[in-house]
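Working notes, beginning with the structure itself.
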Amino acid sequence: MDCPCGSHTSYTDCCELAHLDLKSVRTAEQLMRSRYSAFVMGNGNYLMDSHHTTTRPVKEKKSIEAWAKSVSWIRLEVLDKEKGEISDLKGTVTFNAYFFENGKVDVIHEKSEFVKENGRWMYLGLAK
């Protein structure tokens, strides 16, 4: 199966590695892609584990999982990235995530901020 993140590689060679071991994520973009794949699969545990501890929406986990499973994910489009490489401590990734809901195509357009926490890339939230 091709990875949902659009990398044109198999899920087992791509986002599954991150889903099994968050320490394997090397860049902010890789984390963002693995989080998109987690939304596609309704993997709330990974979404929480990869969310920075200061902004993690633990109380919303069940509703996030339910919503993620209720829509049909179409594709991810990475538009831009700033920093977020192996040696960086922070970075941003701008993307569009397309999905089908209530009979129409919709899109999440977001510039996400990522930071390293304990040496691991984590999703912090919307970039300011």
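So you can find residues: chains in the structure tokens are A, B, ... in the order shown, residues in each start at 1, and ligands are numbered from 1 in order.
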>> Need to verify the contact set: Lys81 of chain A, 12 Å, only C-alpha atoms, exclusion of same-chain residues closer than 2 positions in sequence. Can you return it as a list in words?
In response: Thr27, Ala28, Glu29, Gln30, Met32, Glu77, Val78, Leu79, Lys83, Gly84, Glu85, Lys90, Gly91, Thr92, Val93, Thr94, Phe95, Glu110, Lys111, Ser112, Glu113, Phe114 and Ala127 of chain A
> Mind checking DSSP for chain A and telling me the strand (DSSP E) residues as a PyMOL selection string?
Replying inline: chain A and resi 72-83+90-101+104-117+120-126
>> To test your reading of the structure, identify every residue in chain A that backbone DSSP assigns to alpha helix (DSSP H), and report it as an NGL selection string.
In response: :A and (15-20 or 28-41 or 44-49 or 61-70)
>> For Ala18 of chain A, find every residue with an atom within 9 Å (counting only C-alpha atoms), except residues of its own chain fewer than 6 positions away, and show them as a PyMOL selection string.
In response: chain A and resi 24-25+30-31+34+46
>> Env of Trp67 of chain A: 12 Å cut, atoms = only C-alpha atoms, seq-sep filter 6 positions within chain, self excluded. Answer as a PyMOL selection string.
In response: chain A and resi 39-44+60-61+73+99-102
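With only C-alpha atoms as the atoms that count, the residue of A:Leu17, A:Ala97, A:Glu117, A:Lys23 with the shortest distance to Tyr36 of chain A is A:Ala97.
Among A:Lys128, A:Lys116, A:Val105, A:Ser87, the residue with the shortest atom-to-atom distance to Thr53 of chain A, counting only C-alpha atoms, is A:Lys116.
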> Which of these residues is nearest to Ala38 of chain A, using only C-alpha atoms: A:Cys15, A:Val71, A:Val115, A:Met1?
Replying inline: A:Cys15
